[in-house]
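Listing of model_24.tsv, TSV, C-alpha atoms
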```tsv
chain	number	residue	atom	x	y	z
A	70	MET	CA	-10.55	18.87	-32.26
A	71	ARG	CA	-12.84	16.40	-34.07
A	72	ILE	CA	-16.47	17.43	-33.63
A	73	GLY	CA	-19.59	15.49	-34.62
A	74	LEU	CA	-22.55	17.68	-35.64
A	75	PHE	CA	-25.83	15.72	-35.54
A	76	SER	CA	-28.95	17.26	-37.10
A	77	ASP	CA	-32.28	15.96	-38.42
A	78	ALA	CA	-32.25	18.84	-40.94
A	79	TYR	CA	-29.44	19.76	-43.30
A	80	LEU	CA	-28.82	20.90	-46.86
A	81	PRO	CA	-30.54	20.97	-49.28
A	82	GLU	CA	-33.42	21.61	-46.88
A	83	ILE	CA	-33.57	25.32	-46.08
A	84	SER	CA	-34.21	26.37	-42.48
A	85	GLY	CA	-32.59	28.25	-39.63
A	86	VAL	CA	-31.18	24.99	-38.26
A	87	THR	CA	-29.60	23.88	-41.55
A	88	THR	CA	-28.09	27.33	-42.08
A	89	ALA	CA	-26.69	27.45	-38.53
A	90	VAL	CA	-25.18	23.95	-38.79
A	91	HIS	CA	-23.66	24.59	-42.22
A	92	TRP	CA	-22.10	27.88	-41.14
A	93	LEU	CA	-20.82	26.29	-37.93
A	94	LYS	CA	-19.10	23.54	-39.92
A	95	GLU	CA	-17.44	26.14	-42.16
A	96	GLU	CA	-16.24	28.21	-39.21
A	97	LEU	CA	-14.89	25.18	-37.35
A	98	GLU	CA	-12.94	24.06	-40.41
A	99	ARG	CA	-11.66	27.60	-40.99
A	100	LEU	CA	-10.31	27.53	-37.44
A	101	GLY	CA	-8.45	24.26	-38.09
A	102	HIS	CA	-10.89	21.75	-36.56
A	103	GLU	CA	-12.49	18.69	-38.18
A	104	ALA	CA	-16.29	18.82	-38.32
A	105	TYR	CA	-18.27	15.68	-39.15
A	106	ILE	CA	-21.92	16.08	-40.20
A	107	TYR	CA	-24.52	13.38	-39.48
A	108	ALA	CA	-27.76	14.16	-41.30
A	109	PRO	CA	-30.66	12.63	-43.27
A	110	ALA	CA	-30.30	11.75	-46.95
A	111	TYR	CA	-32.35	13.71	-49.50
A	112	LYS	CA	-33.26	11.87	-52.68
A	113	GLY	CA	-31.49	13.20	-55.76
A	114	PHE	CA	-29.14	15.52	-53.85
A	115	ARG	CA	-25.40	15.00	-54.33
A	116	ASP	CA	-23.05	16.07	-51.59
A	117	LYS	CA	-19.88	18.04	-52.26
A	118	GLU	CA	-18.74	18.27	-48.64
A	119	GLU	CA	-16.23	16.07	-46.89
A	120	HIS	CA	-16.86	14.34	-43.55
A	121	LEU	CA	-20.59	14.10	-44.23
A	122	PHE	CA	-22.54	10.98	-43.26
A	123	ARG	CA	-26.07	10.57	-44.59
A	124	PHE	CA	-28.71	8.34	-42.98
A	125	ARG	CA	-31.47	6.72	-44.99
A	126	ALA	CA	-34.58	8.81	-44.55
A	127	ARG	CA	-38.18	9.24	-45.63
A	128	ARG	CA	-40.24	12.34	-46.14
A	129	PHE	CA	-42.07	13.55	-43.09
A	130	ILE	CA	-45.64	13.22	-44.31
A	131	PHE	CA	-46.87	16.20	-42.28
A	132	HIS	CA	-44.07	18.52	-43.49
A	133	LYS	CA	-42.78	17.32	-46.83
A	134	ALA	CA	-39.61	19.45	-46.94
A	135	SER	CA	-38.33	17.63	-43.85
A	136	ARG	CA	-36.97	14.11	-43.47
A	137	VAL	CA	-37.29	11.41	-40.83
A	138	ALA	CA	-33.99	9.56	-40.61
A	139	LEU	CA	-33.62	5.89	-39.79
A	140	PRO	CA	-31.27	6.06	-36.79
A	141	TYR	CA	-28.65	3.61	-38.02
A	142	SER	CA	-25.73	3.74	-40.44
A	143	ARG	CA	-22.86	1.27	-40.17
A	144	LYS	CA	-20.50	3.66	-41.96
A	145	ALA	CA	-21.41	6.53	-39.63
A	146	ALA	CA	-21.13	4.33	-36.54
A	147	ARG	CA	-17.56	3.39	-37.48
A	148	SER	CA	-16.64	7.08	-37.51
A	149	PHE	CA	-17.81	7.75	-33.94
A	150	LYS	CA	-14.52	6.52	-32.49
A	151	ARG	CA	-12.74	9.42	-34.23
A	152	LEU	CA	-14.78	12.07	-32.42
A	153	ASP	CA	-13.65	14.11	-29.43
A	154	ILE	CA	-17.07	15.62	-28.76
A	155	VAL	CA	-20.69	15.31	-29.92
A	156	HIS	CA	-22.85	18.34	-30.71
A	157	SER	CA	-26.54	17.70	-31.46
A	158	HIS	CA	-28.89	20.26	-33.00
A	159	THR	CA	-32.19	18.38	-32.90
A	160	PRO	CA	-33.66	15.94	-30.35
A	161	PHE	CA	-35.24	13.56	-32.88
A	162	SER	CA	-33.79	10.51	-34.68
A	163	LEU	CA	-30.29	11.88	-35.11
A	164	GLY	CA	-30.40	13.47	-31.69
A	165	LEU	CA	-30.85	9.97	-30.33
A	166	VAL	CA	-27.94	8.79	-32.49
A	167	ALA	CA	-25.88	11.58	-30.89
A	168	VAL	CA	-26.80	10.29	-27.43
A	169	GLY	CA	-25.71	6.80	-28.45
A	170	ALA	CA	-22.45	8.01	-30.02
A	171	ALA	CA	-21.52	10.01	-26.92
A	172	THR	CA	-22.42	7.14	-24.58
A	173	LEU	CA	-20.58	4.42	-26.51
A	174	SER	CA	-17.47	6.57	-27.07
A	175	ARG	CA	-17.61	8.06	-23.55
A	176	ILE	CA	-17.22	11.59	-24.84
A	177	PRO	CA	-19.11	14.81	-23.92
A	178	HIS	CA	-22.40	15.63	-25.61
A	179	VAL	CA	-23.43	19.28	-26.11
A	180	HIS	CA	-26.96	20.03	-27.33
A	181	THR	CA	-28.17	23.26	-28.93
A	182	TYR	CA	-31.88	23.97	-28.46
A	183	HIS	CA	-32.78	25.58	-31.80
A	184	THR	CA	-36.50	24.92	-32.16
A	185	HIS	CA	-39.41	25.83	-29.90
A	186	LEU	CA	-40.88	22.32	-29.89
A	187	LEU	CA	-44.08	23.26	-28.06
A	188	GLU	CA	-44.98	25.57	-30.94
A	189	SER	CA	-44.11	22.91	-33.53
A	190	ARG	CA	-46.31	20.11	-32.20
A	191	HIS	CA	-49.00	20.88	-34.78
A	192	TYR	CA	-46.81	19.12	-37.39
A	193	LEU	CA	-47.26	15.87	-35.50
A	194	PRO	CA	-50.28	13.58	-35.93
A	195	LEU	CA	-52.69	13.62	-32.99
A	196	SER	CA	-50.59	16.36	-31.36
A	197	SER	CA	-53.53	17.20	-29.10
A	198	LEU	CA	-53.01	13.82	-27.42
A	199	LEU	CA	-49.54	14.91	-26.25
A	200	PRO	CA	-50.11	17.49	-23.49
A	201	GLU	CA	-47.71	20.41	-23.16
A	202	ARG	CA	-46.36	19.11	-19.86
A	203	GLU	CA	-45.52	15.74	-21.45
A	204	THR	CA	-43.71	17.53	-24.29
A	205	GLU	CA	-41.77	19.55	-21.73
A	206	LYS	CA	-40.76	16.34	-19.92
A	207	ILE	CA	-39.49	14.84	-23.19
A	208	ILE	CA	-37.41	17.94	-23.92
A	209	ALA	CA	-35.99	17.93	-20.38
A	210	ALA	CA	-35.19	14.21	-20.51
A	211	PHE	CA	-33.21	14.64	-23.70
A	212	CYS	CA	-31.31	17.73	-22.49
A	213	ASN	CA	-30.49	16.06	-19.19
A	214	ARG	CA	-28.69	13.27	-21.09
A	215	CYS	CA	-26.20	15.90	-22.29
A	216	ALA	CA	-23.23	17.45	-20.54
A	217	VAL	CA	-24.17	21.02	-21.51
A	218	VAL	CA	-27.02	22.74	-23.34
A	219	THR	CA	-26.85	25.98	-25.32
A	220	ALA	CA	-29.88	28.17	-25.95
A	221	PRO	CA	-30.00	31.08	-28.38
A	222	SER	CA	-31.64	33.51	-25.95
A	223	LEU	CA	-32.41	34.16	-22.30
A	224	PRO	CA	-36.18	33.48	-22.65
A	225	PHE	CA	-35.41	29.97	-23.89
A	226	LYS	CA	-32.88	29.29	-21.18
A	227	GLU	CA	-35.60	30.19	-18.68
A	228	LYS	CA	-38.08	27.90	-20.45
A	229	LEU	CA	-35.68	24.97	-20.37
A	230	VAL	CA	-35.20	25.47	-16.64
A	231	GLU	CA	-39.00	25.52	-16.22
A	232	TYR	CA	-39.22	22.25	-18.16
A	233	GLY	CA	-36.85	20.61	-15.67
A	234	VAL	CA	-33.47	20.85	-17.40
A	235	HIS	CA	-30.79	20.79	-14.69
A	236	ARG	CA	-27.69	20.64	-16.89
A	237	PRO	CA	-25.62	23.83	-17.37
A	238	ILE	CA	-27.26	26.09	-19.97
A	239	HIS	CA	-25.23	28.68	-21.89
A	240	ILE	CA	-26.86	31.48	-23.90
A	241	LEU	CA	-25.28	31.34	-27.35
A	242	PRO	CA	-26.91	32.85	-30.47
A	243	SER	CA	-25.92	31.08	-33.69
A	244	GLY	CA	-24.49	34.13	-35.44
A	245	VAL	CA	-24.48	35.25	-39.07
A	246	ASN	CA	-21.80	34.50	-41.67
A	247	LEU	CA	-20.58	38.01	-42.48
A	248	SER	CA	-18.19	36.85	-45.21
A	249	LEU	CA	-21.21	36.12	-47.44
A	250	PHE	CA	-22.23	39.77	-47.24
A	251	ARG	CA	-18.87	40.90	-48.62
A	252	LYS	CA	-19.29	39.08	-51.91
A	253	GLU	CA	-20.26	40.71	-55.19
A	254	GLN	CA	-23.91	41.15	-56.07
A	255	ALA	CA	-25.49	38.02	-57.57
A	256	TRP	CA	-28.69	39.60	-58.95
A	257	GLU	CA	-30.78	42.76	-58.93
A	258	PRO	CA	-33.86	42.00	-56.79
A	259	ARG	CA	-35.88	45.08	-57.72
A	260	GLN	CA	-35.42	44.43	-61.41
A	261	LYS	CA	-36.11	40.69	-61.21
A	262	LEU	CA	-39.17	41.15	-58.98
A	263	ALA	CA	-40.50	44.13	-60.96
A	264	ILE	CA	-40.32	46.59	-58.07
A	265	PRO	CA	-40.16	50.29	-59.07
A	266	ALA	CA	-36.97	52.07	-58.05
A	267	GLY	CA	-38.76	54.56	-55.79
A	268	ALA	CA	-41.07	52.07	-54.06
A	269	THR	CA	-40.49	51.14	-50.43
A	270	LEU	CA	-39.50	47.47	-50.25
A	271	PHE	CA	-40.71	45.65	-47.14
A	272	LEU	CA	-39.35	42.14	-46.68
A	273	TYR	CA	-40.14	38.93	-44.83
A	274	ALA	CA	-37.81	35.92	-45.25
A	275	GLY	CA	-38.27	32.50	-43.69
A	276	ARG	CA	-40.51	29.47	-43.70
A	277	LEU	CA	-44.15	30.01	-44.59
A	278	ALA	CA	-45.54	28.10	-41.64
A	279	MET	CA	-48.22	28.46	-39.00
A	280	GLU	CA	-45.86	29.48	-36.20
A	281	LYS	CA	-44.58	32.48	-38.22
A	282	ASN	CA	-47.90	34.35	-37.77
A	283	LEU	CA	-47.88	35.46	-41.41
A	284	PRO	CA	-51.63	36.05	-41.89
A	285	PHE	CA	-51.25	38.87	-39.35
A	286	LEU	CA	-48.28	40.26	-41.30
A	287	VAL	CA	-50.30	40.36	-44.53
A	288	ARG	CA	-53.16	42.13	-42.73
A	289	ALA	CA	-50.72	44.66	-41.26
A	290	PHE	CA	-49.22	45.26	-44.70
A	291	ALA	CA	-52.72	45.83	-46.09
A	292	ARG	CA	-53.11	48.67	-43.54
A	293	LEU	CA	-49.70	50.01	-44.49
A	294	HIS	CA	-50.52	49.83	-48.20
A	295	GLU	CA	-53.64	51.94	-47.72
A	296	GLU	CA	-51.35	54.88	-46.93
A	297	ASP	CA	-48.36	54.02	-49.14
A	298	ARG	CA	-49.84	52.76	-52.40
A	299	GLU	CA	-46.39	52.26	-53.96
A	300	ALA	CA	-45.10	50.00	-51.16
A	301	VAL	CA	-44.22	46.39	-52.00
A	302	LEU	CA	-43.96	43.42	-49.65
A	303	VAL	CA	-41.63	40.59	-50.72
A	304	ILE	CA	-42.19	37.23	-49.04
A	305	ALA	CA	-39.09	35.09	-49.53
A	306	GLY	CA	-39.28	31.42	-48.61
A	307	ASP	CA	-41.68	28.54	-48.91
A	308	GLY	CA	-43.63	26.21	-46.68
A	309	PRO	CA	-46.96	24.54	-45.94
A	310	LYS	CA	-48.90	27.82	-45.63
A	311	ARG	CA	-47.86	29.37	-48.93
A	312	LYS	CA	-51.11	28.59	-50.78
A	313	GLU	CA	-53.21	30.01	-47.93
A	314	LEU	CA	-51.12	33.18	-47.91
A	315	GLU	CA	-51.41	33.57	-51.68
A	316	ASP	CA	-55.19	33.22	-51.39
A	317	GLN	CA	-55.25	35.78	-48.56
A	318	VAL	CA	-53.21	38.24	-50.64
A	319	GLU	CA	-55.54	37.83	-53.61
A	320	LYS	CA	-58.71	38.24	-51.55
A	321	SER	CA	-57.22	41.36	-49.93
A	322	GLY	CA	-56.63	42.96	-53.33
A	323	LEU	CA	-52.86	43.03	-52.77
A	324	SER	CA	-51.76	40.84	-55.69
A	325	LYS	CA	-49.91	43.72	-57.38
A	326	ALA	CA	-48.23	44.79	-54.13
A	327	VAL	CA	-46.99	41.43	-52.79
A	328	ARG	CA	-44.29	39.29	-54.40
A	329	PHE	CA	-43.79	35.63	-53.43
A	330	ALA	CA	-40.14	35.02	-54.21
A	331	GLY	CA	-40.01	31.37	-53.07
A	332	PHE	CA	-36.82	29.75	-51.80
A	333	LEU	CA	-33.73	31.70	-52.79
A	334	ALA	CA	-30.10	30.62	-52.78
A	335	HIS	CA	-28.13	32.47	-50.12
A	336	PRO	CA	-26.34	34.83	-52.56
A	337	GLN	CA	-29.72	35.93	-53.92
A	338	LEU	CA	-31.27	36.21	-50.47
A	339	ILE	CA	-28.37	38.37	-49.29
A	340	ASP	CA	-28.90	40.76	-52.21
A	341	LEU	CA	-32.57	40.92	-51.28
A	342	TYR	CA	-31.68	41.84	-47.68
A	343	ARG	CA	-29.47	44.63	-49.04
A	344	ALA	CA	-32.18	45.90	-51.38
A	345	ALA	CA	-34.92	45.92	-48.73
A	346	ASP	CA	-35.81	49.08	-46.82
A	347	LEU	CA	-37.33	47.37	-43.79
A	348	PHE	CA	-37.60	43.79	-42.52
A	349	LEU	CA	-41.00	42.88	-41.05
A	350	PHE	CA	-41.26	40.00	-38.60
A	351	SER	CA	-44.43	38.78	-36.89
A	352	SER	CA	-43.39	35.42	-35.39
A	353	LYS	CA	-43.96	34.96	-31.66
A	354	ALA	CA	-42.32	31.54	-31.40
A	355	GLU	CA	-38.69	32.14	-32.35
A	356	THR	CA	-35.84	30.65	-30.38
A	357	GLN	CA	-33.63	33.25	-32.05
A	358	GLY	CA	-34.65	34.25	-35.55
A	359	LEU	CA	-31.47	33.96	-37.63
A	360	VAL	CA	-33.15	35.85	-40.47
A	361	LEU	CA	-33.25	38.92	-38.20
A	362	LEU	CA	-29.46	38.87	-37.95
A	363	GLU	CA	-29.14	38.25	-41.68
A	364	ALA	CA	-31.35	41.26	-42.42
A	365	MET	CA	-29.25	43.39	-40.08
A	366	ALA	CA	-26.04	42.21	-41.76
A	367	GLY	CA	-27.54	43.55	-44.97
A	368	GLY	CA	-28.04	46.91	-43.28
A	369	THR	CA	-31.80	46.51	-42.97
A	370	PRO	CA	-33.51	47.54	-39.71
A	371	VAL	CA	-36.32	45.41	-38.29
A	372	VAL	CA	-39.88	45.98	-37.10
A	373	ALA	CA	-40.95	42.93	-35.08
A	374	ILE	CA	-43.28	41.68	-32.38
A	375	GLY	CA	-41.17	41.53	-29.22
A	376	GLU	CA	-41.59	37.92	-28.11
A	377	LEU	CA	-39.19	35.18	-26.92
A	378	GLY	CA	-35.92	34.95	-28.89
A	379	VAL	CA	-36.61	38.15	-30.82
A	380	LEU	CA	-35.95	40.03	-27.59
A	381	ASP	CA	-32.30	38.98	-27.60
A	382	ILE	CA	-31.68	40.15	-31.20
A	383	VAL	CA	-33.81	43.24	-31.70
A	384	CYS	CA	-33.00	46.15	-29.38
A	385	ASP	CA	-35.89	48.60	-29.52
A	386	GLY	CA	-34.64	51.95	-30.79
A	387	ILE	CA	-31.12	50.59	-31.46
A	388	ASN	CA	-31.32	48.23	-34.45
A	389	GLY	CA	-35.08	48.07	-34.96
A	390	LEU	CA	-38.43	48.70	-33.36
A	391	PHE	CA	-40.94	46.58	-31.49
A	392	ALA	CA	-44.57	46.72	-32.54
A	393	PRO	CA	-47.66	45.20	-30.94
A	394	GLU	CA	-49.70	42.44	-32.53
A	395	GLU	CA	-52.27	44.96	-33.69
A	396	GLU	CA	-52.43	45.58	-37.42
A	397	LYS	CA	-52.97	49.33	-37.42
A	398	ARG	CA	-50.23	50.04	-34.84
A	399	PHE	CA	-47.75	47.66	-36.51
A	400	ALA	CA	-48.29	49.43	-39.84
A	401	ARG	CA	-48.08	52.87	-38.24
A	402	ILE	CA	-44.73	52.13	-36.60
A	403	ALA	CA	-43.26	50.87	-39.90
A	404	LEU	CA	-44.57	53.87	-41.86
A	405	ASP	CA	-43.38	56.42	-39.31
A	406	LEU	CA	-39.88	54.92	-39.38
A	407	MET	CA	-39.70	55.11	-43.16
A	408	ASN	CA	-40.74	58.78	-42.95
A	409	ASP	CA	-38.01	59.63	-40.42
A	410	SER	CA	-34.70	59.54	-42.31
A	411	ALA	CA	-32.55	60.46	-39.31
A	412	ARG	CA	-33.99	57.72	-37.11
A	413	TYR	CA	-33.81	55.23	-39.96
A	414	ALA	CA	-30.10	55.95	-40.48
A	415	GLN	CA	-29.48	55.45	-36.75
A	416	LEU	CA	-31.24	52.07	-36.75
A	417	LYS	CA	-29.41	51.00	-39.91
A	418	GLU	CA	-26.08	51.70	-38.24
A	419	GLY	CA	-27.21	49.81	-35.13
A	420	ALA	CA	-28.30	46.85	-37.24
A	421	LEU	CA	-24.87	46.55	-38.86
A	422	LYS	CA	-23.18	46.79	-35.46
A	423	THR	CA	-25.39	44.04	-34.00
A	424	ALA	CA	-24.65	41.70	-36.91
A	425	LYS	CA	-20.91	42.21	-36.39
A	426	GLU	CA	-21.15	41.54	-32.64
A	427	LEU	CA	-23.21	38.37	-33.21
A	428	SER	CA	-21.26	36.93	-36.13
A	429	ALA	CA	-20.89	33.21	-36.76
A	430	HIS	CA	-17.16	33.57	-36.12
A	431	SER	CA	-17.68	35.07	-32.65
A	432	SER	CA	-20.33	32.47	-31.84
A	433	THR	CA	-18.04	29.60	-32.89
A	434	LEU	CA	-15.20	30.87	-30.72
A	435	ARG	CA	-17.53	30.92	-27.71
A	436	LEU	CA	-18.79	27.43	-28.57
A	437	LEU	CA	-15.23	26.12	-28.70
A	438	GLU	CA	-14.67	27.47	-25.19
A	439	ILE	CA	-17.69	25.43	-24.04
A	440	PHE	CA	-16.34	22.33	-25.82
A	441	ASN	CA	-12.96	22.72	-24.12
A	442	GLN	CA	-14.62	23.11	-20.71
A	443	CYS	CA	-16.58	19.90	-21.30
A	444	LEU	CA	-13.45	18.02	-22.34
A	445	ALA	CA	-11.56	19.28	-19.29
A	446	VAL	CA	-14.34	18.04	-16.99
A	447	ALA	CA	-14.41	14.69	-18.80
A	448	ARG	CA	-10.66	14.25	-18.36
A	449	LYS	CA	-10.96	14.92	-14.62
A	450	GLY	CA	-13.69	12.30	-14.42
A	451	ASP	CA	-11.41	9.73	-16.02
```
Structure re-expressed in structure tokens:
Amino acid sequence: MRIGLFSDAYLPEISGVTTAVHWLKEELERLGHEAYIYAPAYKGFRDKEEHLFRFRARRFIFHKASRVALPYSRKAARSFKRLDIVHSHTPFSLGLVAVGAATLSRIPHVHTYHTHLLESRHYLPLSSLLPERETEKIIAAFCNRCAVVTAPSLPFKEKLVEYGVHRPIHILPSGVNLSLFRKEQAWEPRQKLAIPAGATLFLYAGRLAMEKNLPFLVRAFARLHEEDREAVLVIAGDGPKRKELEDQVEKSGLSKAVRFAGFLAHPQLIDLYRAADLFLFSSKAETQGLVLLEAMAGGTPVVAIGELGVLDIVCDGINGLFAPEEEKRFARIALDLMNDSARYAQLKEGALKTAKELSAHSSTLRLLEIFNQCLAVARKGD
């Protein structure tokens, strides 16, 4: 099968969407399919992948790591006739290109709803002028141009239905690439980040952005640190709120207890997951939270606020614990878990089991079933 993957974010940009698309391409090719990527160009970055079409793009002024693609490439357009099916991962410029490719080639279009767009409107200029209901209508209009939609969790399937999406919606988490976790260690995180061997290592990994609710996480860690003075919080990732978080850490007197690791290559990030004792997650706007699965694949249980897509990954008392958005209680739950070795071992085992069940390989096999269903319907229509 020849599959076109359209995304407004791809390598070298680091995000849940780029990771999911890259891993999907690898899994599809491993299974004998041809995967074609259609993505923005990033100045100075040289591609090593085959079947990759870049569109001229400019930096998104309100989020400089991202790109806004010009929705035309003659070379890419010539390749559309090779495709059997279109799979879009974003509803922006290249999402519209996906709509055009599917329409012109008369092939099915599957869309995966990765990003909670209502929570991301603050990146847009004059976002207050675009009411929530109008945003919902835009999302529904795009999804209803597709044959099938996939959502990473039940809460987001329900939201799409509320928005007015009437196309079939399948719940399909992206999955984690377990093969990466079987590779040899790339670095020693505790040594490189100057973390004492006996100190408890708490970890957050992901974008440092408004929707991640990170100021709360720092405040909760401050409560935790009052009781465990040796504890260290590592914040891995980068984003528009990094400077504000660094200032908050300094004003809170936590400079010696918090490490900002910045963006890490996946081999390094995987070693950090393995080295961590507990993964802390405070976002309330996740469609899925791929980093949660990555942490679990590293054998690290999770303490998280139980909202939206987190509910489909974290099973309270099985692979992690839910905590309220209240600093003292969040800290207490994390501390109590670290002081209960038997319960911790149980959650660690559950985390590894969850990662195996929700692997990228399993997810890709399910996605291929959806593709084949779409193609069968299309053939009947012809």
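Rounded to one decimal, CA of Ser162 (chain A) and CA of Pro109 (chain A) lie 9.4 Å from each other.
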- request: Mind listing whatever residues come within 9 Å of the point (-36.0, 33.2, -22.6)? Use all atoms listed in the file, file coordinates, and give them as a PyMOL selection string.
  value: chain A and resi 220-229+356+377-378+380-381
task: Kindly give the distance, in Å, that separates CA of Ser142 (chain A) and CA of Leu163 (chain A), rounded to a single decimal.
output: 10.7 Å
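Between CA of Tyr79 (chain A) and CA of Leu277 (chain A) lies a distance of 18.0 Å.
Among the candidates A:Arg288, A:His430, A:Lys281, A:Arg127, the one nearest to Arg311 (chain A) when counting only C-alpha atoms is A:Lys281.
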Need the neighbours of (-28.0, 13.8, -39.6): which residues are at most 12 Å away, counting all atoms listed in the file, as a compact mmCIF listing (two decimals) with C-alpha atoms, keeping the file's coordinate frame?
```
# COMPACT_ATOMS: atom_id res chain seq x y z
CA GLY A 73 -19.59 15.49 -34.62
CA LEU A 74 -22.55 17.68 -35.64
CA PHE A 75 -25.83 15.72 -35.54
CA SER A 76 -28.95 17.26 -37.10
CA ASP A 77 -32.28 15.96 -38.42
CA ALA A 78 -32.25 18.84 -40.94
CA TYR A 79 -29.44 19.76 -43.30
CA LEU A 80 -28.82 20.90 -46.86
CA GLU A 82 -33.42 21.61 -46.88
CA VAL A 86 -31.18 24.99 -38.26
CA THR A 87 -29.60 23.88 -41.55
CA VAL A 90 -25.18 23.95 -38.79
CA HIS A 91 -23.66 24.59 -42.22
CA TYR A 105 -18.27 15.68 -39.15
CA ILE A 106 -21.92 16.08 -40.20
CA TYR A 107 -24.52 13.38 -39.48
CA ALA A 108 -27.76 14.16 -41.30
CA PRO A 109 -30.66 12.63 -43.27
CA ALA A 110 -30.30 11.75 -46.95
CA TYR A 111 -32.35 13.71 -49.50
CA HIS A 120 -16.86 14.34 -43.55
CA LEU A 121 -20.59 14.10 -44.23
CA PHE A 122 -22.54 10.98 -43.26
CA ARG A 123 -26.07 10.57 -44.59
CA PHE A 124 -28.71 8.34 -42.98
CA ARG A 125 -31.47 6.72 -44.99
CA ALA A 126 -34.58 8.81 -44.55
CA SER A 135 -38.33 17.63 -43.85
CA ARG A 136 -36.97 14.11 -43.47
CA VAL A 137 -37.29 11.41 -40.83
CA ALA A 138 -33.99 9.56 -40.61
CA LEU A 139 -33.62 5.89 -39.79
CA PRO A 140 -31.27 6.06 -36.79
CA TYR A 141 -28.65 3.61 -38.02
CA SER A 142 -25.73 3.74 -40.44
CA ALA A 145 -21.41 6.53 -39.63
CA HIS A 156 -22.85 18.34 -30.71
CA SER A 157 -26.54 17.70 -31.46
CA HIS A 158 -28.89 20.26 -33.00
CA THR A 159 -32.19 18.38 -32.90
CA PRO A 160 -33.66 15.94 -30.35
CA PHE A 161 -35.24 13.56 -32.88
CA SER A 162 -33.79 10.51 -34.68
CA LEU A 163 -30.29 11.88 -35.11
CA GLY A 164 -30.40 13.47 -31.69
CA LEU A 165 -30.85 9.97 -30.33
CA VAL A 166 -27.94 8.79 -32.49
CA ALA A 167 -25.88 11.58 -30.89
```
- request: Within 9 Å of Ala345 (chain A), counting all atoms listed in the file, which residues show up once you throw out same-chain ones fewer than 6 positions away? Write them as an MDAnalysis selection string, please.
  value: chainID A and resid 269:272 303 364 367:369
Could the residues in this selection be written to a file with C-alpha atoms, as a tab-separated table (two decimals), keeping the file's coordinate frame?
```tsv
chain	number	residue	atom	x	y	z
A	269	THR	CA	-40.49	51.14	-50.43
A	270	LEU	CA	-39.50	47.47	-50.25
A	271	PHE	CA	-40.71	45.65	-47.14
A	272	LEU	CA	-39.35	42.14	-46.68
A	303	VAL	CA	-41.63	40.59	-50.72
A	364	ALA	CA	-31.35	41.26	-42.42
A	367	GLY	CA	-27.54	43.55	-44.97
A	368	GLY	CA	-28.04	46.91	-43.28
A	369	THR	CA	-31.80	46.51	-42.97
```
Using only C-alpha atoms, which residues sit within 12 Å of Gly322 (chain A) once same-chain residues fewer than 3 positions away are excluded, as a short mmCIF file (atom, residue, chain, number, x, y, z; two decimals) with C-alpha atoms, keeping the file's coordinate frame?
```
data_model
loop_
_atom_site.label_atom_id
_atom_site.label_comp_id
_atom_site.auth_asym_id
_atom_site.auth_seq_id
_atom_site.Cartn_x
_atom_site.Cartn_y
_atom_site.Cartn_z
CA VAL A 287 -50.30 40.36 -44.53
CA ARG A 288 -53.16 42.13 -42.73
CA PHE A 290 -49.22 45.26 -44.70
CA ALA A 291 -52.72 45.83 -46.09
CA ARG A 292 -53.11 48.67 -43.54
CA HIS A 294 -50.52 49.83 -48.20
CA GLU A 295 -53.64 51.94 -47.72
CA ARG A 298 -49.84 52.76 -52.40
CA GLU A 315 -51.41 33.57 -51.68
CA ASP A 316 -55.19 33.22 -51.39
CA GLN A 317 -55.25 35.78 -48.56
CA VAL A 318 -53.21 38.24 -50.64
CA GLU A 319 -55.54 37.83 -53.61
CA LYS A 325 -49.91 43.72 -57.38
CA ALA A 326 -48.23 44.79 -54.13
CA VAL A 327 -46.99 41.43 -52.79
#
```
